[in-house]
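Colleague: Data: input.cif, mmCIF, C-alpha atoms.
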data_input
#
loop_
_atom_site.label_atom_id
_atom_site.label_comp_id
_atom_site.auth_asym_id
_atom_site.auth_seq_id
_atom_site.Cartn_x
_atom_site.Cartn_y
_atom_site.Cartn_z
CA MET A 1 1.50 -6.38 10.47
CA SER A 2 -0.57 -3.85 8.56
CA ASP A 3 -4.35 -3.84 8.48
CA THR A 4 -7.02 -2.68 6.07
CA SER A 5 -6.11 0.95 6.79
CA SER A 6 -2.99 0.41 4.69
CA SER A 7 -3.15 2.07 1.29
CA ARG A 8 -1.19 -0.77 -0.29
CA ARG A 9 -3.45 -3.51 -1.61
CA ARG A 10 -2.82 -6.21 -4.12
CA ARG A 11 -4.82 -6.28 -7.31
CA ALA A 12 -8.10 -8.20 -7.46
CA ALA A 13 -8.19 -11.67 -8.95
CA THR A 14 -8.80 -11.79 -12.68
CA ALA A 15 -11.54 -13.80 -14.35
CA ALA A 16 -8.91 -16.21 -15.67
CA GLU A 17 -7.54 -16.79 -12.16
CA LEU A 18 -11.03 -17.45 -10.82
CA ARG A 19 -11.65 -19.97 -13.61
CA ASN A 20 -8.32 -21.63 -12.82
CA ASP A 21 -9.46 -22.10 -9.20
CA VAL A 22 -12.46 -24.07 -10.46
CA TRP A 23 -10.22 -26.25 -12.63
CA LEU A 24 -7.83 -26.76 -9.69
CA ALA A 25 -10.69 -27.87 -7.44
CA ALA A 26 -11.96 -30.28 -10.10
CA ALA A 27 -8.50 -31.80 -10.61
CA LEU A 28 -7.98 -32.23 -6.87
CA LEU A 29 -11.46 -33.75 -6.51
CA ILE A 30 -10.58 -36.40 -9.08
CA GLY A 31 -7.26 -37.00 -7.33
CA ALA A 32 -8.92 -37.25 -3.92
CA VAL A 33 -11.47 -39.77 -5.17
CA LEU A 34 -8.75 -41.92 -6.71
CA SER A 35 -6.60 -41.61 -3.59
CA ALA A 36 -9.50 -42.63 -1.32
CA ALA A 37 -10.36 -45.61 -3.54
CA LEU A 38 -6.77 -46.81 -3.78
CA GLY A 39 -6.19 -46.20 -0.08
CA SER A 40 -9.22 -48.30 0.76
CA VAL A 41 -7.95 -51.13 -1.42
CA ALA A 42 -4.45 -50.83 0.05
CA GLY A 43 -5.83 -50.75 3.61
CA VAL A 44 -3.77 -47.76 4.77
CA TYR A 45 -5.59 -47.79 8.12
CA GLY A 46 -5.95 -51.54 8.34
CA THR A 47 -9.26 -52.72 9.72
CA ASP A 48 -9.88 -49.38 11.48
CA SER A 49 -10.63 -47.40 8.31
CA THR A 50 -14.14 -46.15 7.60
CA GLN A 51 -15.80 -48.51 5.19
CA GLY A 52 -17.77 -47.47 2.12
CA MET A 53 -16.77 -45.28 -0.80
CA GLN A 54 -19.65 -42.92 -0.06
CA TRP A 55 -17.65 -41.53 2.87
CA GLY A 56 -14.55 -41.21 0.69
CA LEU A 57 -16.51 -39.34 -1.96
CA LEU A 58 -18.04 -37.02 0.62
CA TYR A 59 -14.63 -36.37 2.18
CA ALA A 60 -13.04 -35.72 -1.24
CA PHE A 61 -15.78 -33.26 -2.14
CA GLY A 62 -15.57 -31.45 1.21
CA LEU A 63 -11.80 -31.08 0.86
CA THR A 64 -11.60 -29.87 -2.72
CA ALA A 65 -14.87 -28.13 -3.67
CA PRO A 66 -14.25 -25.09 -1.40
CA LEU A 67 -10.97 -24.45 -3.24
CA ALA A 68 -13.03 -23.27 -6.24
CA LEU A 69 -13.72 -20.16 -4.13
CA ARG A 70 -10.29 -19.83 -2.58
CA ARG A 71 -9.53 -16.36 -3.99
CA ARG A 72 -13.04 -15.06 -3.36
CA GLN A 73 -13.37 -16.17 0.28
CA PRO A 74 -9.90 -17.38 1.34
CA GLU A 75 -10.50 -17.31 5.12
CA ILE A 76 -13.76 -19.29 5.00
CA VAL A 77 -12.29 -21.80 2.55
CA ALA A 78 -9.26 -22.38 4.79
CA VAL A 79 -11.40 -22.95 7.89
CA VAL A 80 -13.76 -25.34 6.04
CA VAL A 81 -10.91 -27.36 4.54
CA ALA A 82 -9.17 -27.61 7.93
CA ILE A 83 -12.37 -28.84 9.64
CA VAL A 84 -13.06 -31.39 6.90
CA PHE A 85 -9.44 -32.57 7.09
CA ILE A 86 -9.59 -33.07 10.87
CA VAL A 87 -12.92 -34.88 10.68
CA GLY A 88 -11.82 -37.09 7.79
CA VAL A 89 -8.54 -38.16 9.40
CA SER A 90 -10.26 -38.69 12.77
CA LEU A 91 -12.74 -40.99 11.06
CA ARG A 92 -9.85 -42.76 9.31
CA ILE A 93 -11.10 -42.20 5.79
CA PRO A 94 -8.35 -43.80 3.66
CA GLU A 95 -7.15 -40.68 1.83
CA ILE A 96 -3.77 -39.37 3.04
CA TYR A 97 -2.30 -37.34 0.17
CA VAL A 98 -4.73 -34.92 -1.52
CA GLY A 99 -6.01 -33.75 1.86
CA ASN A 100 -2.55 -32.44 2.77
CA ILE A 101 -2.26 -30.69 -0.60
CA ALA A 102 -5.69 -29.07 -0.20
CA LEU A 103 -4.88 -27.88 3.33
CA PHE A 104 -1.54 -26.43 2.22
CA ILE A 105 -3.19 -24.54 -0.67
CA ALA A 106 -5.93 -23.19 1.61
CA ILE A 107 -3.48 -21.84 4.20
CA TYR A 108 -1.19 -20.49 1.49
CA THR A 109 -4.12 -18.67 -0.17
CA VAL A 110 -5.01 -16.85 3.05
CA GLY A 111 -1.48 -15.47 3.22
CA ALA A 112 -1.30 -14.66 -0.47
CA TRP A 113 -4.69 -13.02 -1.06
CA VAL A 114 -6.05 -11.42 2.13
CA ASP A 115 -5.29 -7.69 2.20
CA ASP A 116 -6.09 -7.38 5.90
CA ARG A 117 -2.78 -8.80 7.12
CA ARG A 118 -3.86 -8.93 10.75
CA ARG A 119 -6.90 -11.03 9.88
CA ALA A 120 -4.79 -13.25 7.64
CA MET A 121 -2.40 -13.86 10.52
CA TYR A 122 -5.20 -14.62 13.00
CA VAL A 123 -6.90 -17.12 10.66
CA ARG A 124 -3.70 -19.00 9.85
CA VAL A 125 -2.43 -19.05 13.43
CA ALA A 126 -5.83 -20.29 14.64
CA ILE A 127 -5.82 -23.13 12.09
CA ILE A 128 -2.23 -24.10 12.92
CA ILE A 129 -2.91 -24.08 16.67
CA ALA A 130 -6.06 -26.16 16.15
CA MET A 131 -4.08 -28.65 14.07
CA PHE A 132 -1.36 -29.03 16.69
CA VAL A 133 -3.90 -29.34 19.51
CA TRP A 134 -5.66 -32.04 17.52
CA LEU A 135 -2.29 -33.74 16.88
CA LEU A 136 -1.48 -33.63 20.60
CA ILE A 137 -4.84 -35.14 21.44
CA THR A 138 -4.44 -37.96 18.93
CA THR A 139 -0.88 -38.56 20.13
CA PHE A 140 -2.04 -38.77 23.72
CA GLN A 141 -4.83 -41.15 22.74
CA SER A 142 -2.38 -43.37 20.88
CA ALA A 143 0.08 -43.31 23.78
CA THR A 144 -2.56 -44.28 26.35
CA ALA A 145 -4.36 -46.86 24.23
CA PRO A 146 -4.42 -50.27 25.95
CA THR A 147 -3.50 -52.16 22.76
CA GLU A 148 0.10 -53.23 22.23
CA GLU A 149 -0.21 -53.29 18.44
CA GLY A 150 1.91 -51.00 16.32
CA LEU A 151 5.25 -49.46 17.23
CA SER A 152 6.99 -50.41 20.46
CA ARG A 153 6.63 -47.90 23.30
CA GLU A 154 9.41 -49.27 25.46
CA GLY A 155 12.31 -47.05 26.44
CA LEU A 156 12.75 -43.29 26.84
CA PHE A 157 13.18 -42.79 23.09
CA SER A 158 11.04 -45.63 21.83
CA PRO A 159 10.08 -46.13 18.15
CA PHE A 160 6.65 -44.77 19.03
CA VAL A 161 8.13 -41.53 20.45
CA ALA A 162 10.43 -41.18 17.42
CA PHE A 163 7.46 -41.57 15.09
CA MET A 164 5.50 -38.90 16.99
CA LEU A 165 8.44 -36.49 16.89
CA ILE A 166 8.69 -37.02 13.15
CA GLN A 167 4.98 -36.20 12.88
CA PHE A 168 5.43 -32.95 14.81
CA LEU A 169 8.48 -31.92 12.81
CA VAL A 170 6.83 -32.67 9.48
CA ASN A 171 3.72 -30.73 10.48
CA ALA A 172 5.81 -27.78 11.70
CA ALA A 173 7.63 -27.67 8.35
CA PHE A 174 4.33 -28.15 6.50
CA PHE A 175 2.46 -25.31 8.20
CA GLY A 176 5.52 -23.07 8.41
CA GLY A 177 6.09 -23.46 4.68
CA ALA A 178 2.47 -22.65 3.86
CA TYR A 179 2.60 -19.58 6.12
CA TYR A 180 5.91 -18.28 4.77
CA MET A 181 5.13 -18.91 1.11
CA GLY A 182 1.77 -17.15 1.44
CA ASP A 183 3.42 -14.06 2.91
CA ARG A 184 6.09 -14.05 0.21
CA ALA A 185 3.47 -14.38 -2.52
CA TYR A 186 1.53 -11.42 -1.07
CA ALA A 187 4.69 -9.30 -0.87
CA SER A 188 5.60 -10.19 -4.46
CA ALA A 189 2.09 -9.30 -5.60
CA LEU A 190 2.38 -5.91 -3.90
CA GLU A 191 5.70 -5.33 -5.62
CA ARG A 192 4.22 -6.25 -8.99
CA THR A 193 1.24 -3.97 -8.38
CA ALA A 194 3.54 -1.11 -7.38
CA LEU A 195 5.66 -1.74 -10.47
CA GLU A 196 2.60 -1.73 -12.71
CA ASP A 197 1.36 1.49 -11.08
CA ARG A 198 4.78 3.06 -11.52
CA THR A 199 4.87 1.93 -15.15
CA ARG A 200 1.50 3.59 -15.76
CA GLU A 201 2.72 6.74 -14.02
CA LEU A 202 5.87 6.78 -16.16
CA GLU A 203 3.80 6.32 -19.30
CA ALA A 204 1.56 9.20 -18.24
CA GLU A 205 4.62 11.31 -17.42
CA ARG A 206 6.11 10.45 -20.80
CA GLU A 207 2.94 11.63 -22.51
CA VAL A 208 2.98 14.84 -20.46
CA THR A 209 6.66 15.34 -21.24
CA ALA A 210 6.01 14.82 -24.93
CA ALA A 211 3.18 17.34 -24.79
CA GLN A 212 5.42 19.79 -22.95
CA ALA A 213 8.16 19.28 -25.53
CA VAL A 214 5.69 20.07 -28.29
CA ALA A 215 4.50 23.15 -26.40
CA LEU A 216 8.07 24.31 -25.81
CA ASP A 217 8.87 23.75 -29.46
CA ARG A 218 5.88 25.84 -30.42
CA VAL A 219 7.03 28.58 -28.06
CA ARG A 220 10.52 28.43 -29.58
CA ILE A 221 9.11 28.68 -33.09
CA ALA A 222 6.93 31.62 -32.07
CA ARG A 223 9.93 33.30 -30.45
CA GLU A 224 12.11 32.82 -33.51
CA LEU A 225 9.37 34.05 -35.82
CA HIS A 226 8.78 37.07 -33.60
CA ASP A 227 12.47 37.96 -33.57
CA VAL A 228 12.88 37.57 -37.32
CA VAL A 229 9.64 39.23 -38.37
CA ALA A 230 9.70 42.05 -35.80
CA HIS A 231 13.27 43.03 -36.59
CA HIS A 232 13.04 43.01 -40.36
CA VAL A 233 9.50 44.36 -40.64
CA SER A 234 10.39 47.19 -38.28
CA ALA A 235 13.39 48.06 -40.45
CA MET A 236 11.28 47.81 -43.58
CA GLY A 237 8.74 50.18 -42.06
CA VAL A 238 11.40 52.76 -41.27
CA GLN A 239 12.95 52.46 -44.73
CA ALA A 240 9.59 52.63 -46.50
CA GLY A 241 8.66 55.72 -44.50
CA ALA A 242 11.96 57.37 -45.39
CA ALA A 243 11.45 56.52 -49.07
CA ARG A 244 7.97 58.03 -49.04
CA ALA A 245 9.25 61.19 -47.36
CA VAL A 246 12.01 61.89 -49.92
CA MET A 247 10.48 60.35 -53.02
CA ASP A 248 9.54 63.68 -54.64
CA ARG A 249 12.63 65.72 -53.84
CA ASP A 250 15.35 63.03 -53.79
CA PRO A 251 14.52 60.00 -55.94
CA ASP A 252 18.00 58.51 -55.46
CA ALA A 253 17.61 58.47 -51.68
CA ALA A 254 14.16 56.93 -52.11
CA ARG A 255 15.60 54.21 -54.34
CA THR A 256 18.31 53.52 -51.74
CA ALA A 257 15.68 53.25 -49.02
CA LEU A 258 13.57 50.91 -51.14
CA ALA A 259 16.65 48.81 -51.84
CA GLY A 260 17.04 48.53 -48.10
CA VAL A 261 13.41 47.38 -47.85
CA GLU A 262 14.14 44.74 -50.48
CA GLN A 263 17.26 43.60 -48.68
CA SER A 264 15.42 43.37 -45.34
CA ALA A 265 12.68 41.34 -47.01
CA ARG A 266 15.25 38.97 -48.53
CA SER A 267 17.01 38.55 -45.18
CA ALA A 268 13.70 37.84 -43.44
CA LEU A 269 12.80 35.26 -46.08
CA ASP A 270 16.21 33.59 -45.81
CA GLU A 271 15.91 33.24 -42.03
CA LEU A 272 12.33 32.03 -42.27
CA ARG A 273 13.34 29.48 -44.91
CA HIS A 274 16.16 28.20 -42.72
CA LEU A 275 13.79 27.95 -39.76
CA LEU A 276 11.29 25.94 -41.80
CA GLU A 277 14.05 23.62 -43.05
CA THR A 278 15.10 23.04 -39.45
CA LEU A 279 11.53 22.13 -38.52
CA ARG A 280 11.29 19.69 -41.41
CA THR A 281 14.54 17.95 -40.45
CA PRO A 282 13.81 15.06 -38.02
CA ASN A 283 17.13 15.37 -36.20
CA GLY A 284 17.38 19.13 -36.33
CA ASP A 285 18.22 20.77 -33.03
CA ALA A 286 15.78 23.59 -32.78
CA PRO A 287 17.53 26.41 -30.91
CA SER A 288 21.08 25.78 -32.10
CA ALA A 289 20.12 25.19 -35.71
CA SER A 290 19.81 28.92 -36.36
CA THR A 291 22.23 30.60 -38.77
CA VAL A 292 22.81 33.54 -36.43
CA SER A 293 25.69 33.82 -33.95
CA LEU A 294 27.77 36.47 -32.24
CA ALA A 295 29.81 36.75 -35.42
CA GLY A 296 26.77 38.49 -36.92
CA LEU A 297 26.70 41.30 -34.34
CA PRO A 298 28.68 43.81 -36.49
CA ALA A 299 26.24 43.28 -39.38
CA LEU A 300 23.32 43.70 -36.97
CA ILE A 301 24.80 46.98 -35.69
CA ALA A 302 25.36 48.23 -39.24
CA HIS A 303 21.79 47.29 -40.16
CA ALA A 304 20.41 49.21 -37.19
CA THR A 305 22.49 52.27 -38.09
CA GLU A 306 21.39 52.16 -41.71
CA ASN A 307 17.77 52.07 -40.62
CA GLY A 308 17.69 55.16 -38.49
CA LEU A 309 19.16 54.05 -35.16
CA PRO A 310 22.82 55.11 -34.82
CA THR A 311 24.41 52.23 -32.93
CA THR A 312 27.91 51.51 -31.66
CA LEU A 313 29.44 48.14 -30.76
CA THR A 314 32.11 47.64 -28.11
CA ILE A 315 33.66 44.26 -27.25
CA VAL A 316 35.49 44.09 -23.93
CA GLY A 317 37.84 41.25 -22.95
CA ASP A 318 39.21 38.26 -24.78
CA GLU A 319 36.70 36.29 -26.76
CA VAL A 320 35.99 32.78 -25.46
CA PRO A 321 34.15 29.99 -27.27
CA LEU A 322 30.46 29.83 -26.41
CA PRO A 323 27.88 27.12 -27.09
CA ASP A 324 25.72 27.68 -30.15
CA LEU A 325 22.60 28.03 -27.98
CA VAL A 326 24.18 30.85 -25.96
CA GLN A 327 25.37 32.64 -29.10
CA VAL A 328 21.94 32.46 -30.71
CA ASN A 329 20.25 33.78 -27.59
CA LEU A 330 22.75 36.64 -27.15
CA TYR A 331 22.30 37.65 -30.77
CA ARG A 332 18.50 37.50 -30.59
CA VAL A 333 18.40 39.54 -27.38
CA ALA A 334 20.54 42.21 -29.01
CA GLN A 335 18.33 42.12 -32.11
CA GLU A 336 15.13 42.45 -30.08
CA ALA A 337 16.52 45.25 -27.92
CA LEU A 338 17.60 47.26 -30.99
CA THR A 339 14.24 46.65 -32.67
CA ASN A 340 12.44 47.99 -29.58
CA ALA A 341 14.78 50.98 -29.41
CA ARG A 342 14.12 51.86 -33.04
CA ARG A 343 10.37 51.38 -32.56
CA HIS A 344 9.91 53.27 -29.29
CA GLY A 345 12.93 55.55 -28.89
CA GLY A 346 11.84 58.23 -31.33
CA PRO A 347 13.67 59.87 -34.27
CA ASP A 348 16.61 61.07 -32.16
CA ALA A 349 17.31 57.76 -30.45
CA ALA A 350 20.78 56.19 -30.48
CA ALA A 351 21.98 52.88 -29.11
CA ASP A 352 25.12 51.38 -27.66
CA VAL A 353 25.88 47.64 -27.57
CA ARG A 354 28.58 46.28 -25.27
CA LEU A 355 29.70 42.65 -25.18
CA ARG A 356 31.91 41.87 -22.18
CA TYR A 357 33.86 38.63 -21.71
CA GLY A 358 34.67 38.24 -18.02
CA ALA A 359 36.43 35.56 -16.04
CA ASP A 360 33.21 33.84 -15.05
CA ALA A 361 30.48 35.29 -17.28
CA VAL A 362 29.71 36.90 -20.59
CA GLU A 363 27.55 40.01 -20.44
CA LEU A 364 25.60 41.73 -23.18
CA GLU A 365 24.37 45.25 -22.51
CA ILE A 366 22.20 47.35 -24.85
CA THR A 367 21.31 50.90 -23.93
CA ASN A 368 19.51 53.48 -25.96
CA THR A 369 18.59 57.12 -25.63
CA GLY A 370 15.29 58.54 -26.70
CA ARG A 371 11.92 59.37 -25.32
CA ALA A 372 11.31 59.51 -21.60
CA ALA A 373 10.53 56.09 -20.24
CA LYS A 374 6.91 55.13 -19.76
CA PRO A 375 5.62 52.58 -17.26
CA LEU A 376 6.97 49.23 -18.39
CA ARG A 377 4.44 46.77 -19.75
CA PRO A 378 6.40 43.70 -20.87
CA GLY A 379 5.25 42.50 -24.26
CA LEU A 380 6.23 39.47 -26.27
CA GLY A 381 9.67 40.95 -26.90
CA ILE A 382 10.56 41.27 -23.22
CA VAL A 383 9.04 37.87 -22.45
CA GLY A 384 11.04 36.30 -25.28
CA MET A 385 14.27 37.87 -24.02
CA ARG A 386 13.63 36.51 -20.52
CA GLU A 387 12.98 33.05 -21.94
CA ARG A 388 16.23 33.18 -23.88
CA ALA A 389 18.11 34.25 -20.77
CA ALA A 390 16.63 31.36 -18.81
CA ALA A 391 17.40 28.90 -21.62
CA SER A 392 21.05 30.01 -21.49
CA GLY A 393 21.24 29.71 -17.70
CA GLY A 394 21.60 33.45 -17.31
CA THR A 395 19.69 36.44 -15.96
CA LEU A 396 18.11 39.39 -17.76
CA GLU A 397 17.65 42.96 -16.60
CA ALA A 398 15.28 45.08 -18.69
CA ALA A 399 14.13 48.45 -17.39
CA PRO A 400 13.75 52.13 -18.38
CA ARG A 401 16.65 54.42 -17.56
CA ALA A 402 16.06 57.41 -15.27
CA ARG A 403 17.52 59.84 -17.81
CA GLY A 404 15.52 58.45 -20.67
CA GLY A 405 15.79 55.48 -22.93
CA PHE A 406 16.02 51.84 -22.00
CA LEU A 407 18.54 49.33 -20.65
CA VAL A 408 18.75 45.59 -21.43
CA ARG A 409 21.49 43.56 -19.76
CA LEU A 410 21.91 39.79 -20.19
CA ARG A 411 24.48 37.96 -18.07
CA VAL A 412 25.34 34.30 -18.75
CA PRO A 413 27.72 32.44 -16.40
CA LEU A 414 30.66 30.80 -18.16
CA ARG A 415 31.67 28.26 -15.52
CA GLU A 416 28.81 25.84 -16.16
CA ARG A 417 28.41 26.55 -19.87
CA VAL A 418 31.97 26.71 -21.05
CA GLY A 419 33.91 24.94 -18.32
CA ALA A 420 36.04 27.97 -17.46
#
As structure tokens, how would this structure be written, given the file I've shared?

Modeller:
Amino acid sequence: MSDTSSSRRRRAATAAELRNDVWLAAALLIGAVLSAALGSVAGVYGTDSTQGMQWGLLYAFGLTAPLALRRRQPEIVAVVVAIVFIVGVSLRIPEIYVGNIALFIAIYTVGAWVDDRRRAMYVRVAIIIAMFVWLLITTFQSATAPTEEGLSREGLFSPFVAFMLIQFLVNAAFFGGAYYMGDRAYASALERTALEDRTRELEAEREVTAAQAVALDRVRIARELHDVVAHHVSAMGVQAGAARAVMDRDPDAARTALAGVEQSARSALDELRHLLETLRTPNGDAPSASTVSLAGLPALIAHATENGLPTTLTIVGDEVPLPDLVQVNLYRVAQEALTNARRHGGPDAAADVRLRYGADAVELEITNTGRAAKPLRPGLGIVGMRERAAASGGTLEAAPRARGGFLVRLRVPLRERVGA
């Protein structure tokens, strides 16, 4: 048995339940009064019954009125009802039905509503023991009474003994049922309380999960916007600078550079438009809804070369099908790495992109030459590449090279992603 130190407690009674207790007590009071009146007329105790309806009314009130407080003070109510029941039966007040119902409800309520299980056990056991002691006393008095009226007492298993055994068995079933049903009601209430608590926790978790999903979606949007804008704006800056430098002496070259600026702007607008359409589509899958894939790597390499960063592309191994999410992330990592190389590598920088298909992983490696490496301070670009690597189930290595330039290597396992 647990005690009040237990953290598990059933919920408190509601106002409606407390009002129902009052209605229950009133209904039982009416029933007890009717039962006492009819029992007096029927002579259930013969000439030995207590005369006068005032005693029946007092007994009915003492049995039923405490039940109006049964959920507020269950232990006190049970003790009071038991005492009134013993006194009323001992005085032979002619009410033999509602009293049993009231006693059963009182004992049941102790088991069903007292959180201190040790105290609930002590109160019920004390009442049950008192009832059986009282029954033994009354049985002994009946057995030793000098009168010969009533059931015959002759023989080892006389009708009188059989009747007494029936009384004991009925009372054992009566009190045992009240005890057991009270415990089961308390256990069920605890289960309902735990279920309600868990339901509230799940609702709170669902709200948190929804908020996290929104936050992750915002991060994804920011990452996509950063990749698109940084890449194309960087290229536009290089092309615009080249156009300005040769505008006076080579107008044709300037026009070509400006055409490149226009093309970069159109490409940026196309990708931004597609991203916005994806966001407006209710069932659009955010990461995989991008138009980019590994098939666009050659165009990306050509674009980097045209914008001042000579770049080569090497594909090693046999191509295997990859999920859209992995393809998008590989492409964006390559795009970000080339953008950073063009931005930070200097005018003499060159880059090399290698895509390797292995037996258990696909690996993308971007290296560039250029200025001597400075202490690495990861910006949004590096953070975005790491997020993409994590989203693909892979790992990212991004660090300056000892001989100058920078290295970015993304490795994505194939076994879990592709089923190789």

Colleague: Find the residues around A:Gln327 up to 10 Å (all atoms listed in the file counted), leave out those fewer than 5 positions away in its own chain, and share them as a list in words.

Modeller: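 Counting only the stated atoms, we get Ser288, Ser290, Val292, Ser293, Leu294, Ala295, Gly296, Pro321, Leu322, Arg332, Val333 and Ser392 of chain A.
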
Colleague: At what distance in Å, to one decimal, does atom CA of A:Ile86 lie from atom CA of A:Ala172?

Modeller: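 Separation of atom CA of A:Ala172 and atom CA of A:Ile86: 16.3 Å.
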
Colleague: Tell me which residues the PyMOL selection byres ((chain A and resi 127-137) around 9) grabs here, as JSON, numbers by chain.

Modeller: {"A": [78, 79, 82, 86, 107, 122, 123, 124, 125, 126, 138, 139, 140, 141, 142, 167, 168, 171, 172, 175]}

Colleague: Mind giving me the straight-line distance from atom CA of A:Gly393 to atom CA of A:Ala334 in Å, one decimal?

Modeller: 16.9 Å

Colleague: Nearest to A:Gly346: which of A:Gln73, A:Asn329, A:Thr369, A:Ser40 is it, counting only C-alpha atoms?

Modeller: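 Residue with the minimum atom-to-atom distance to A:Gly346: A:Thr369.
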
Colleague: With all atoms listed in the file as the basis for distance, which of A:Asn307, A:Thr14, A:Thr367, A:Thr199 is at the shortest distance from A:Leu355?

Modeller: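 Looking at the shortest contact to A:Leu355, the residue is A:Thr367.
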
Colleague: Expressed in Å to a single decimal, how great is the separation between atom CA of A:Val316 and atom CA of A:Gly358?

Modeller: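 That distance, rounded to one decimal, is 8.4 Å.
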
Colleague: Running the PyMOL selection byres ((chain A and resi 252-262) around 10) on this model by hand, what would come out? Give it as number ranges by chain.

Modeller: A: 232-233, 235-251, 263-268, 303, 306-307

Colleague: Evaluated on this file, the PyMOL selection byres ((chain A and resi 21) around 9) picks out some residues - which ones are they, written as a list of chain:residue names?

Modeller: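 Output of the PyMOL selection byres ((chain A and resi 21) around 9): A:Ala16, A:Glu17, A:Leu18, A:Arg19, A:Asn20, A:Val22, A:Trp23, A:Leu24, A:Ala25, A:Ala26, A:Leu67, A:Ala68, A:Leu69, A:Arg70, A:Arg71.
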
Colleague: Keeping only C-alpha atoms, write the selected residues as a PDB file, in the frame of the given file.

Modeller:
ATOM      1  CA  ALA A  16      -8.910 -16.210 -15.670  1.00  0.00           C
ATOM      2  CA  GLU A  17      -7.540 -16.790 -12.160  1.00  0.00           C
ATOM      3  CA  LEU A  18     -11.030 -17.450 -10.820  1.00  0.00           C
ATOM      4  CA  ARG A  19     -11.650 -19.970 -13.610  1.00  0.00           C
ATOM      5  CA  ASN A  20      -8.320 -21.630 -12.820  1.00  0.00           C
ATOM      6  CA  VAL A  22     -12.460 -24.070 -10.460  1.00  0.00           C
ATOM      7  CA  TRP A  23     -10.220 -26.250 -12.630  1.00  0.00           C
ATOM      8  CA  LEU A  24      -7.830 -26.760  -9.690  1.00  0.00           C
ATOM      9  CA  ALA A  25     -10.690 -27.870  -7.440  1.00  0.00           C
ATOM     10  CA  ALA A  26     -11.960 -30.280 -10.100  1.00  0.00           C
ATOM     11  CA  LEU A  67     -10.970 -24.450  -3.240  1.00  0.00           C
ATOM     12  CA  ALA A  68     -13.030 -23.270  -6.240  1.00  0.00           C
ATOM     13  CA  LEU A  69     -13.720 -20.160  -4.130  1.00  0.00           C
ATOM     14  CA  ARG A  70     -10.290 -19.830  -2.580  1.00  0.00           C
ATOM     15  CA  ARG A  71      -9.530 -16.360  -3.990  1.00  0.00           C
TER      16      ARG A  71
END

Colleague: Could you list as a list in words every residue that has an atom within 8 Å of (-13.8, -36.4, 0.4), using the file's coordinates and counting all atoms listed in the file?

Modeller: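 Residues found, by chain and rising number: Leu29, Ala32, Val33, Ala36, Trp55, Gly56, Leu57, Leu58, Tyr59, Ala60, Phe61, Gly62, Leu63, Thr64 and Gly88 of chain A.
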
Colleague: What would the list of residues within 7 Å of (22.4, 53.9, -27.2) (file frame) look like as a list in words, if only C-alpha atoms are what count?

Modeller: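 So the residues meeting the distance criterion are Thr311, Ala350, Ala351, Asp352, Ile366, Thr367, Asn368 and Thr369 of chain A.
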